[in-house]
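Visitor: The structure under discussion is supplied below as structure tokens; questions concerning it will follow.
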Amino acid sequence: MDFAFLSETTMTLLAAVPTTLALFSLSVAIGGLLALLIVWMRVGGNPVLSAFAKGYIFVFRGSPLLIQMFLVFYGLAQFKVIRDGPLWPLLREPFVCAVLSLALCTAGYSAEIFRGGIRSVSPREIEAARSIGMSGFLLVRRIIAPIAFRYALPSYSTEVVLMMKSTSLASLVTVWEVTGVAQRLISHSYRTMEVFLCAAIIYLILNFIVLQAMALLERSLSKHLRAPPVKP
Amino acid sequence: MPGVTRLSVRDIRKSFGAHEVLSGISLEAQDGDVISVLGASGSGKSTFLRCINLLEIADAGEIWVDGEQIRMIHGSGRSRPASQKQVDHIRSELGMVFQSFNLWSHMTILQNIIEGPVHVLKRPRAEAVSEAEALLEKVGIADKRHVYPAHLSGGQQQRAAIARALAMKPKVMLFDEPTSALDPELVGEVLRVMRALAEEGMTMLVVTHEMSFARNVSNRVVFMREGLVECTGTPDEMFGDGASPAFRQFIGHFAN
């Protein structure tokens with residue numbers, strides 16, 4: 001075992017962790033907000049918006065994320081309108097393209113997950129809310145969303161973990177996150193096993209933290225599902 | 001205020017597809033009236049109650065709550081209320097108690113009760129909490145205020161649901177078979193709360209199978225059959241000799 005090499009590799013890879021985390025947190029945050037918009041269109045009752053949302057979900061769930069990322073990074077530059085447009089200084093950045101495609105993709109999956117949660121909300125609880133005079137956004141905010149989010153949480157945790165792993169695809173559009181840096185190290189050292197093992201362990205640790213956080217959230221939202229407190 | 005008309009329903013009709021469930025029902029409730037609505041299952045009594053606070057939309061007819069008519073659009077196709085804002089307002093004045101309680105599972109009992117006052121009526125939270133605690137005291141579950149609905153018995157859940165409806169300070173309380181989902185030994189505690197409410201002068205419309213409640217607590221009984229009011233009267237008239245043969249046959253099923 002070459003401990004000197006391993007520790008040097010680990011330190012180099014750790015330096016790329018902030019980039020991986022930035023890709024992850026930005027895309028989960030933006031994708032989550034986008035998912036709320038799409039699920040609102042999907043279940044809102046307007047047939048045109050609903051059809052658009054269905055199409056969006058189909059396209060982004062049905063095609064490979066890597067191809068979506070290539071299309072955003074290499075594809076958009078083909079259009080003169082975009083090259084001359086006000087967003088070009090942003091869209092020419094590999095990091096921005098990676099975040100954009102990760103967010104667009106997870107929005108499709110998350111929208112479906114949230115829709116499943118909404119469908120699980122008991123119509124009786126919604127009816128009770130209507131009967132005291134709630135409707136529209138108030139009804140969604142106070143009753144439907146909290147119950148639906150709790151139901152959606154286990155599947156959503158899985159999606160979030162998948163997103164952490166999907167950030168590795170950003171290396172293929174020249175973003176220097178953990179996987180990208182690992183490949184660069186291998187191209188210099190030819191020590192595939194050690195470098196990729198180090199990278200895998202870093203992802204495992206990151207996802208362990210994410211899963212713990214999600215489990216904590218789930219626990220704090222499940223008080224009503226646990227056995228009642230035992231009286232002393 | 002006796003003599004004030006709290007609720008007036010005129011010629012309500014409702015069909016589900018080709019099946020007509022309500023064929024023209026009218027009913028008036030003065031302040032303090034306790035009206036029991038009886039009828040076999042399928043007679044349309046629950047649908048009637050749900051039409052009053054627009055959980056079902058009647059195809060025709062008028063609904064007045066405390067002197068205010070619910071504006072409807074009966075155009076081509078389905079009827080619908082003219083203003084969601086008015087619907088929300090009317091619903092906040094009608095307390096509804098459901099057969100299966102329908103408490104919000106993710107909130108404690110206290111949270112369930114202050115939800116409407118705080119978020120619909122926009123009342124100060126502290127006030128809502130102290131009123132909710134008084135209501136919980138009244139329905140006898142003050143010690144359960146920080147418990148979640150799933151941890152209560154059916155009778156306790158239904159009493160909490162009654163407190164939740166009362167917290168809105170409704171003009172009329174609507175009860176949709178409030179004891180039908182309860183184990184027999186839990187029926188009494190809910191009926192006691194309802195009787196106490198009636199004695200305080202609350203205007204109540206109660207769809208029920210509890211003959212003793214209809215007979216001893218309500219001041220009027222309405223018997224529905226096949227989407228129509230078959231007969232109506234005071235409990236003495238109805239349970240005496242004056243009732244229709246169909247009603248006598250109906251209560252005959254409860255005698256044994």
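Chain labels A, B, ... are given in the sequence in which chains occur in the structure tokens; within each chain residues are numbered consecutively from 1, and ligands are likewise numbered from 1 in the order shown.
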List the neighbours of region 132-134 of chain A out to 10 Å using only C-alpha atoms; skip same-chain residues closer than 6 positions along the sequence, and give me the result as a compact mmCIF listing (two decimals) with N, CA, C and O atoms, in the first residue's frame.

Guide:
```
# COMPACT_ATOMS: atom_id res chain seq x y z
N ILE A 126 -58.91 16.76 2.79
CA ILE A 126 -59.08 17.93 1.93
C ILE A 126 -60.50 18.47 2.08
O ILE A 126 -60.71 19.68 2.17
N VAL A 140 -53.60 24.34 -0.25
CA VAL A 140 -52.38 23.64 -0.65
C VAL A 140 -51.29 23.80 0.41
O VAL A 140 -50.67 22.84 0.84
N ARG A 142 -51.42 24.73 3.64
CA ARG A 142 -51.64 24.30 5.01
C ARG A 142 -51.92 22.80 5.13
O ARG A 142 -51.58 22.18 6.13
N ILE A 143 -52.60 22.23 4.12
CA ILE A 143 -53.06 20.84 4.27
C ILE A 143 -52.40 19.91 3.24
O ILE A 143 -51.71 18.95 3.60
N ASN B 53 -73.33 22.84 2.18
CA ASN B 53 -72.07 23.60 2.22
C ASN B 53 -71.23 23.39 0.96
O ASN B 53 -70.03 23.61 0.94
N GLN B 84 -65.95 31.80 -5.53
CA GLN B 84 -65.29 30.90 -4.55
C GLN B 84 -65.14 31.61 -3.22
O GLN B 84 -65.22 31.00 -2.15
N LYS B 85 -64.95 32.93 -3.26
CA LYS B 85 -64.78 33.70 -2.04
C LYS B 85 -66.04 33.61 -1.17
O LYS B 85 -65.95 33.43 0.05
N GLN B 86 -67.21 33.72 -1.84
CA GLN B 86 -68.45 33.61 -1.09
C GLN B 86 -68.61 32.19 -0.54
O GLN B 86 -69.04 32.01 0.60
N VAL B 87 -68.25 31.20 -1.35
CA VAL B 87 -68.35 29.82 -0.89
C VAL B 87 -67.50 29.63 0.37
O VAL B 87 -67.96 29.05 1.37
N ASP B 88 -66.26 30.11 0.32
CA ASP B 88 -65.39 29.98 1.49
C ASP B 88 -66.01 30.65 2.72
O ASP B 88 -65.95 30.12 3.83
N HIS B 89 -66.59 31.83 2.49
CA HIS B 89 -67.20 32.56 3.60
C HIS B 89 -68.39 31.78 4.18
O HIS B 89 -68.51 31.62 5.40
N ILE B 90 -69.26 31.30 3.29
CA ILE B 90 -70.44 30.54 3.75
C ILE B 90 -69.99 29.28 4.49
O ILE B 90 -70.51 28.94 5.55
N ARG B 91 -68.99 28.60 3.94
CA ARG B 91 -68.52 27.36 4.59
C ARG B 91 -67.97 27.66 5.97
O ARG B 91 -68.11 26.84 6.89
N SER B 92 -67.34 28.83 6.13
CA SER B 92 -66.79 29.15 7.45
C SER B 92 -67.91 29.39 8.47
O SER B 92 -67.67 29.36 9.67
N GLU B 93 -69.12 29.63 7.98
CA GLU B 93 -70.25 29.84 8.89
C GLU B 93 -71.04 28.56 9.15
O GLU B 93 -71.98 28.56 9.94
N LEU B 94 -70.69 27.50 8.42
CA LEU B 94 -71.37 26.22 8.59
C LEU B 94 -70.38 25.20 9.14
O LEU B 94 -69.40 24.87 8.48
N GLY B 95 -70.59 24.75 10.37
CA GLY B 95 -69.67 23.76 10.93
C GLY B 95 -70.07 22.38 10.44
O GLY B 95 -71.23 22.01 10.52
N MET B 96 -69.10 21.64 9.88
CA MET B 96 -69.44 20.31 9.36
C MET B 96 -68.73 19.25 10.18
O MET B 96 -67.52 19.34 10.42
N GLU B 115 -56.51 25.72 13.54
CA GLU B 115 -56.19 25.92 12.12
C GLU B 115 -57.15 26.89 11.43
O GLU B 115 -56.71 27.85 10.78
N GLY B 116 -58.44 26.65 11.57
CA GLY B 116 -59.44 27.51 10.91
C GLY B 116 -59.43 28.93 11.47
O GLY B 116 -59.30 29.89 10.72
N PRO B 117 -59.56 29.08 12.80
CA PRO B 117 -59.55 30.44 13.36
C PRO B 117 -58.30 31.23 12.95
O PRO B 117 -58.40 32.40 12.58
N HIS B 119 -55.96 30.60 10.35
CA HIS B 119 -55.60 30.75 8.93
C HIS B 119 -56.77 31.14 8.04
O HIS B 119 -56.56 31.70 6.97
N VAL B 120 -58.01 30.84 8.46
CA VAL B 120 -59.15 31.25 7.65
C VAL B 120 -59.74 32.56 8.19
O VAL B 120 -59.96 33.50 7.45
N LEU B 121 -59.95 32.60 9.50
CA LEU B 121 -60.55 33.80 10.09
C LEU B 121 -59.50 34.85 10.45
O LEU B 121 -59.85 35.96 10.85
N ARG B 164 -63.38 21.30 16.56
CA ARG B 164 -62.79 21.99 15.41
C ARG B 164 -63.86 22.80 14.65
O ARG B 164 -63.62 23.94 14.25
N ALA B 165 -65.04 22.20 14.48
CA ALA B 165 -66.11 22.91 13.78
C ALA B 165 -66.61 24.09 14.62
O ALA B 165 -66.86 25.17 14.10
N ALA B 167 -64.97 25.85 16.72
CA ALA B 167 -63.97 26.91 16.83
C ALA B 167 -64.18 28.01 15.78
O ALA B 167 -63.73 29.14 15.96
N MET B 168 -64.89 27.66 14.70
CA MET B 168 -65.18 28.66 13.66
C MET B 168 -66.38 29.53 14.03
O MET B 168 -66.79 30.38 13.26
N PRO B 170 -69.67 28.78 14.19
CA PRO B 170 -70.60 28.65 13.07
C PRO B 170 -72.02 29.10 13.44
O PRO B 170 -72.38 29.09 14.62
```

Visitor: Near Met41 (chain A), within 12 Å and counting only C-alpha atoms, which residues show up once chain neighbours fewer than 6 positions away are dropped, as an MDAnalysis selection string?

Guide: chainID A and resid 34:35 47:57 111:112 115

Visitor: Write the residues of the preceding selection, restricted to N, CA and C atoms, as a PDB file, in the first residue's frame.

Guide:
```pdb
ATOM      1  N   LEU A  34     -38.443  23.908  -9.623  1.00  0.00           N
ATOM      2  CA  LEU A  34     -39.001  23.640 -10.947  1.00  0.00           C
ATOM      3  C   LEU A  34     -40.029  22.501 -10.870  1.00  0.00           C
ATOM      4  N   ALA A  35     -39.719  21.506 -10.052  1.00  0.00           N
ATOM      5  CA  ALA A  35     -40.633  20.365  -9.901  1.00  0.00           C
ATOM      6  C   ALA A  35     -41.972  20.818  -9.329  1.00  0.00           C
ATOM      7  N   PRO A  47     -56.002  21.687 -18.959  1.00  0.00           N
ATOM      8  CA  PRO A  47     -55.562  20.586 -19.834  1.00  0.00           C
ATOM      9  C   PRO A  47     -54.305  20.905 -20.635  1.00  0.00           C
ATOM     10  N   VAL A  48     -54.135  22.174 -21.033  1.00  0.00           N
ATOM     11  CA  VAL A  48     -52.952  22.533 -21.825  1.00  0.00           C
ATOM     12  C   VAL A  48     -51.690  22.436 -20.963  1.00  0.00           C
ATOM     13  N   LEU A  49     -51.760  23.032 -19.764  1.00  0.00           N
ATOM     14  CA  LEU A  49     -50.607  22.983 -18.858  1.00  0.00           C
ATOM     15  C   LEU A  49     -50.299  21.545 -18.458  1.00  0.00           C
ATOM     16  N   SER A  50     -51.361  20.781 -18.220  1.00  0.00           N
ATOM     17  CA  SER A  50     -51.175  19.390 -17.810  1.00  0.00           C
ATOM     18  C   SER A  50     -50.486  18.591 -18.912  1.00  0.00           C
ATOM     19  N   ALA A  51     -50.884  18.829 -20.161  1.00  0.00           N
ATOM     20  CA  ALA A  51     -50.256  18.127 -21.286  1.00  0.00           C
ATOM     21  C   ALA A  51     -48.788  18.528 -21.405  1.00  0.00           C
ATOM     22  N   PHE A  52     -48.503  19.827 -21.216  1.00  0.00           N
ATOM     23  CA  PHE A  52     -47.124  20.281 -21.268  1.00  0.00           C
ATOM     24  C   PHE A  52     -46.293  19.583 -20.184  1.00  0.00           C
ATOM     25  N   ALA A  53     -46.853  19.529 -18.958  1.00  0.00           N
ATOM     26  CA  ALA A  53     -46.127  18.911 -17.849  1.00  0.00           C
ATOM     27  C   ALA A  53     -45.882  17.430 -18.122  1.00  0.00           C
ATOM     28  N   LYS A  54     -46.894  16.756 -18.663  1.00  0.00           N
ATOM     29  CA  LYS A  54     -46.731  15.335 -19.000  1.00  0.00           C
ATOM     30  C   LYS A  54     -45.604  15.155 -20.007  1.00  0.00           C
ATOM     31  N   GLY A  55     -45.590  16.027 -21.034  1.00  0.00           N
ATOM     32  CA  GLY A  55     -44.555  15.960 -22.054  1.00  0.00           C
ATOM     33  C   GLY A  55     -43.174  16.212 -21.458  1.00  0.00           C
ATOM     34  N   TYR A  56     -43.084  17.214 -20.599  1.00  0.00           N
ATOM     35  CA  TYR A  56     -41.816  17.544 -19.952  1.00  0.00           C
ATOM     36  C   TYR A  56     -41.284  16.334 -19.177  1.00  0.00           C
ATOM     37  N   ILE A  57     -42.194  15.765 -18.368  1.00  0.00           N
ATOM     38  CA  ILE A  57     -41.788  14.626 -17.534  1.00  0.00           C
ATOM     39  C   ILE A  57     -41.343  13.466 -18.409  1.00  0.00           C
ATOM     40  N   ALA A 111     -41.098  15.902  -9.908  1.00  0.00           N
ATOM     41  CA  ALA A 111     -42.500  16.248 -10.140  1.00  0.00           C
ATOM     42  C   ALA A 111     -43.369  14.995 -10.027  1.00  0.00           C
ATOM     43  N   GLU A 112     -42.889  13.893 -10.606  1.00  0.00           N
ATOM     44  CA  GLU A 112     -43.651  12.651 -10.520  1.00  0.00           C
ATOM     45  C   GLU A 112     -43.724  12.144  -9.078  1.00  0.00           C
ATOM     46  N   ARG A 115     -46.159  14.260  -7.260  1.00  0.00           N
ATOM     47  CA  ARG A 115     -47.518  13.954  -7.684  1.00  0.00           C
ATOM     48  C   ARG A 115     -48.039  12.706  -6.958  1.00  0.00           C
TER      49      ARG A 115
END
```

Visitor: For a test of reading the model, state the distance in Å between CA of Leu217 (chain A) and CA of Tyr156 (chain A), rounded to one decimal.

Guide: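 So the answer is 11.7 Å.
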
Visitor: Using backbone DSSP assignments, extract all strand (DSSP E) residues from region 2-51 of chain B; output them as a PyMOL selection string.

Guide: chain B and resi 5-16+19-30+34-38

Visitor: I need the chosen residues saved as an mmCIF file, in the first residue's frame, with N, CA, C and O atoms.

Guide:
```cif
data_model
loop_
_atom_site.group_PDB
_atom_site.id
_atom_site.type_symbol
_atom_site.label_atom_id
_atom_site.label_comp_id
_atom_site.auth_asym_id
_atom_site.auth_seq_id
_atom_site.Cartn_x
_atom_site.Cartn_y
_atom_site.Cartn_z
ATOM 1 N N THR B 5 -84.115 33.182 10.811
ATOM 2 C CA THR B 5 -83.903 32.024 9.941
ATOM 3 C C THR B 5 -82.407 31.868 9.689
ATOM 4 O O THR B 5 -81.778 32.739 9.099
ATOM 5 N N ARG B 6 -81.840 30.782 10.184
ATOM 6 C CA ARG B 6 -80.406 30.557 10.021
ATOM 7 C C ARG B 6 -80.093 29.895 8.682
ATOM 8 O O ARG B 6 -79.052 30.130 8.091
ATOM 9 N N LEU B 7 -80.994 29.010 8.286
ATOM 10 C CA LEU B 7 -80.717 28.234 7.079
ATOM 11 C C LEU B 7 -82.019 28.026 6.325
ATOM 12 O O LEU B 7 -83.044 27.689 6.926
ATOM 13 N N SER B 8 -81.960 28.275 5.040
ATOM 14 C CA SER B 8 -83.148 28.065 4.229
ATOM 15 C C SER B 8 -82.722 27.410 2.924
ATOM 16 O O SER B 8 -81.868 27.931 2.212
ATOM 17 N N VAL B 9 -83.292 26.257 2.667
ATOM 18 C CA VAL B 9 -82.944 25.506 1.461
ATOM 19 C C VAL B 9 -84.225 25.344 0.662
ATOM 20 O O VAL B 9 -85.253 24.942 1.207
ATOM 21 N N ARG B 10 -84.183 25.702 -0.621
ATOM 22 C CA ARG B 10 -85.415 25.677 -1.409
ATOM 23 C C ARG B 10 -85.244 24.841 -2.670
ATOM 24 O O ARG B 10 -84.438 25.172 -3.525
ATOM 25 N N ASP B 11 -85.988 23.772 -2.710
ATOM 26 C CA ASP B 11 -86.133 22.969 -3.921
ATOM 27 C C ASP B 11 -84.791 22.521 -4.517
ATOM 28 O O ASP B 11 -84.521 22.719 -5.689
ATOM 29 N N ILE B 12 -83.987 21.900 -3.651
ATOM 30 C CA ILE B 12 -82.672 21.409 -4.091
ATOM 31 C C ILE B 12 -82.830 20.138 -4.930
ATOM 32 O O ILE B 12 -83.524 19.209 -4.531
ATOM 33 N N ARG B 13 -82.163 20.139 -6.072
ATOM 34 C CA ARG B 13 -82.156 18.946 -6.930
ATOM 35 C C ARG B 13 -80.716 18.553 -7.233
ATOM 36 O O ARG B 13 -79.854 19.408 -7.399
ATOM 37 N N LYS B 14 -80.506 17.249 -7.285
ATOM 38 C CA LYS B 14 -79.146 16.773 -7.577
ATOM 39 C C LYS B 14 -79.211 15.403 -8.236
ATOM 40 O O LYS B 14 -79.883 14.499 -7.743
ATOM 41 N N SER B 15 -78.525 15.273 -9.358
ATOM 42 C CA SER B 15 -78.432 13.970 -10.031
ATOM 43 C C SER B 15 -76.974 13.571 -10.150
ATOM 44 O O SER B 15 -76.108 14.417 -10.341
ATOM 45 N N PHE B 16 -76.714 12.284 -10.018
ATOM 46 C CA PHE B 16 -75.413 11.740 -10.392
ATOM 47 C C PHE B 16 -75.627 10.968 -11.684
ATOM 48 O O PHE B 16 -76.204 9.882 -11.654
ATOM 49 N N HIS B 19 -79.054 9.181 -12.530
ATOM 50 C CA HIS B 19 -79.735 8.840 -11.281
ATOM 51 C C HIS B 19 -80.018 10.105 -10.474
ATOM 52 O O HIS B 19 -79.094 10.801 -10.057
ATOM 53 N N GLU B 20 -81.299 10.394 -10.267
ATOM 54 C CA GLU B 20 -81.651 11.580 -9.494
ATOM 55 C C GLU B 20 -81.670 11.234 -8.012
ATOM 56 O O GLU B 20 -82.456 10.399 -7.563
ATOM 57 N N VAL B 21 -80.779 11.878 -7.243
ATOM 58 C CA VAL B 21 -80.655 11.573 -5.817
ATOM 59 C C VAL B 21 -81.558 12.484 -4.992
ATOM 60 O O VAL B 21 -82.162 12.047 -4.007
ATOM 61 N N LEU B 22 -81.630 13.749 -5.369
ATOM 62 C CA LEU B 22 -82.496 14.697 -4.666
ATOM 63 C C LEU B 22 -83.476 15.274 -5.681
ATOM 64 O O LEU B 22 -83.073 15.842 -6.690
ATOM 65 N N SER B 23 -84.763 15.131 -5.372
ATOM 66 C CA SER B 23 -85.774 15.513 -6.365
ATOM 67 C C SER B 23 -86.558 16.738 -5.918
ATOM 68 O O SER B 23 -87.760 16.810 -6.147
ATOM 69 N N GLY B 24 -85.891 17.659 -5.264
ATOM 70 C CA GLY B 24 -86.583 18.862 -4.842
ATOM 71 C C GLY B 24 -86.826 18.846 -3.339
ATOM 72 O O GLY B 24 -87.903 18.493 -2.868
ATOM 73 N N ILE B 25 -85.790 19.224 -2.575
ATOM 74 C CA ILE B 25 -85.882 19.202 -1.110
ATOM 75 C C ILE B 25 -85.870 20.645 -0.614
ATOM 76 O O ILE B 25 -85.056 21.442 -1.044
ATOM 77 N N SER B 26 -86.792 20.954 0.285
ATOM 78 C CA SER B 26 -86.787 22.265 0.922
ATOM 79 C C SER B 26 -86.769 22.074 2.425
ATOM 80 O O SER B 26 -87.309 21.085 2.939
ATOM 81 N N LEU B 27 -86.141 23.046 3.105
ATOM 82 C CA LEU B 27 -86.036 22.917 4.561
ATOM 83 C C LEU B 27 -85.651 24.270 5.123
ATOM 84 O O LEU B 27 -84.910 25.025 4.497
ATOM 85 N N GLU B 28 -86.199 24.588 6.280
ATOM 86 C CA GLU B 28 -85.862 25.856 6.895
ATOM 87 C C GLU B 28 -85.494 25.600 8.355
ATOM 88 O O GLU B 28 -86.140 24.804 9.030
ATOM 89 N N ALA B 29 -84.437 26.248 8.810
ATOM 90 C CA ALA B 29 -84.050 26.099 10.210
ATOM 91 C C ALA B 29 -84.003 27.464 10.875
ATOM 92 O O ALA B 29 -83.290 28.358 10.423
ATOM 93 N N GLN B 30 -84.814 27.638 11.921
ATOM 94 C CA GLN B 30 -84.765 28.868 12.716
ATOM 95 C C GLN B 30 -83.645 28.733 13.746
ATOM 96 O O GLN B 30 -83.163 27.638 14.010
ATOM 97 N N VAL B 34 -83.110 22.134 16.222
ATOM 98 C CA VAL B 34 -82.303 20.928 16.080
ATOM 99 C C VAL B 34 -83.122 19.962 15.238
ATOM 100 O O VAL B 34 -84.148 19.441 15.686
ATOM 101 N N ILE B 35 -82.686 19.794 13.999
ATOM 102 C CA ILE B 35 -83.468 19.018 13.042
ATOM 103 C C ILE B 35 -82.750 17.702 12.757
ATOM 104 O O ILE B 35 -81.588 17.704 12.328
ATOM 105 N N SER B 36 -83.422 16.590 13.009
ATOM 106 C CA SER B 36 -82.853 15.294 12.665
ATOM 107 C C SER B 36 -83.363 14.882 11.293
ATOM 108 O O SER B 36 -84.563 14.950 11.032
ATOM 109 N N VAL B 37 -82.417 14.486 10.425
ATOM 110 C CA VAL B 37 -82.797 14.009 9.101
ATOM 111 C C VAL B 37 -82.616 12.502 9.088
ATOM 112 O O VAL B 37 -81.505 12.000 9.269
ATOM 113 N N LEU B 38 -83.725 11.795 8.933
ATOM 114 C CA LEU B 38 -83.682 10.339 8.946
ATOM 115 C C LEU B 38 -83.976 9.810 7.545
ATOM 116 O O LEU B 38 -84.524 10.513 6.706
#
```

Visitor: Please determine the contact residues of chain A with respect to chain B at a cut-off of 12 Å, counting only C-alpha atoms, and supply them as number ranges by chain.

Guide: A: 121-139, 141-151, 220-230

Visitor: Can you tell me how far CA of Phe250 (chain B) sits from CA of Thr179 (chain B), in Å to one decimal?

Guide: 18.8 Å

Visitor: Can you tell me, as a VMD selection string, what residues are no more than 8 Å from Ala16 (chain A) when counting only C-alpha atoms, ignoring any on the same chain fewer than 2 positions away?

Guide: chain A and resid 12 to 14 18 to 20 176 to 178 181

Visitor: Find the residue from A:Leu66, A:Ala98, A:Leu36, A:Val43 that sits nearest to Ala22 (chain A); use only C-alpha atoms when measuring.

Guide: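 Nearest to Ala22 (chain A): A:Ala98.
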
Visitor: For CA of Leu174 (chain B) and CA of Leu197 (chain B), quote the distance in Å rounded to one decimal.

Guide: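 Atom-to-atom, CA of Leu174 (chain B) and CA of Leu197 (chain B) are spaced 12.2 Å apart.
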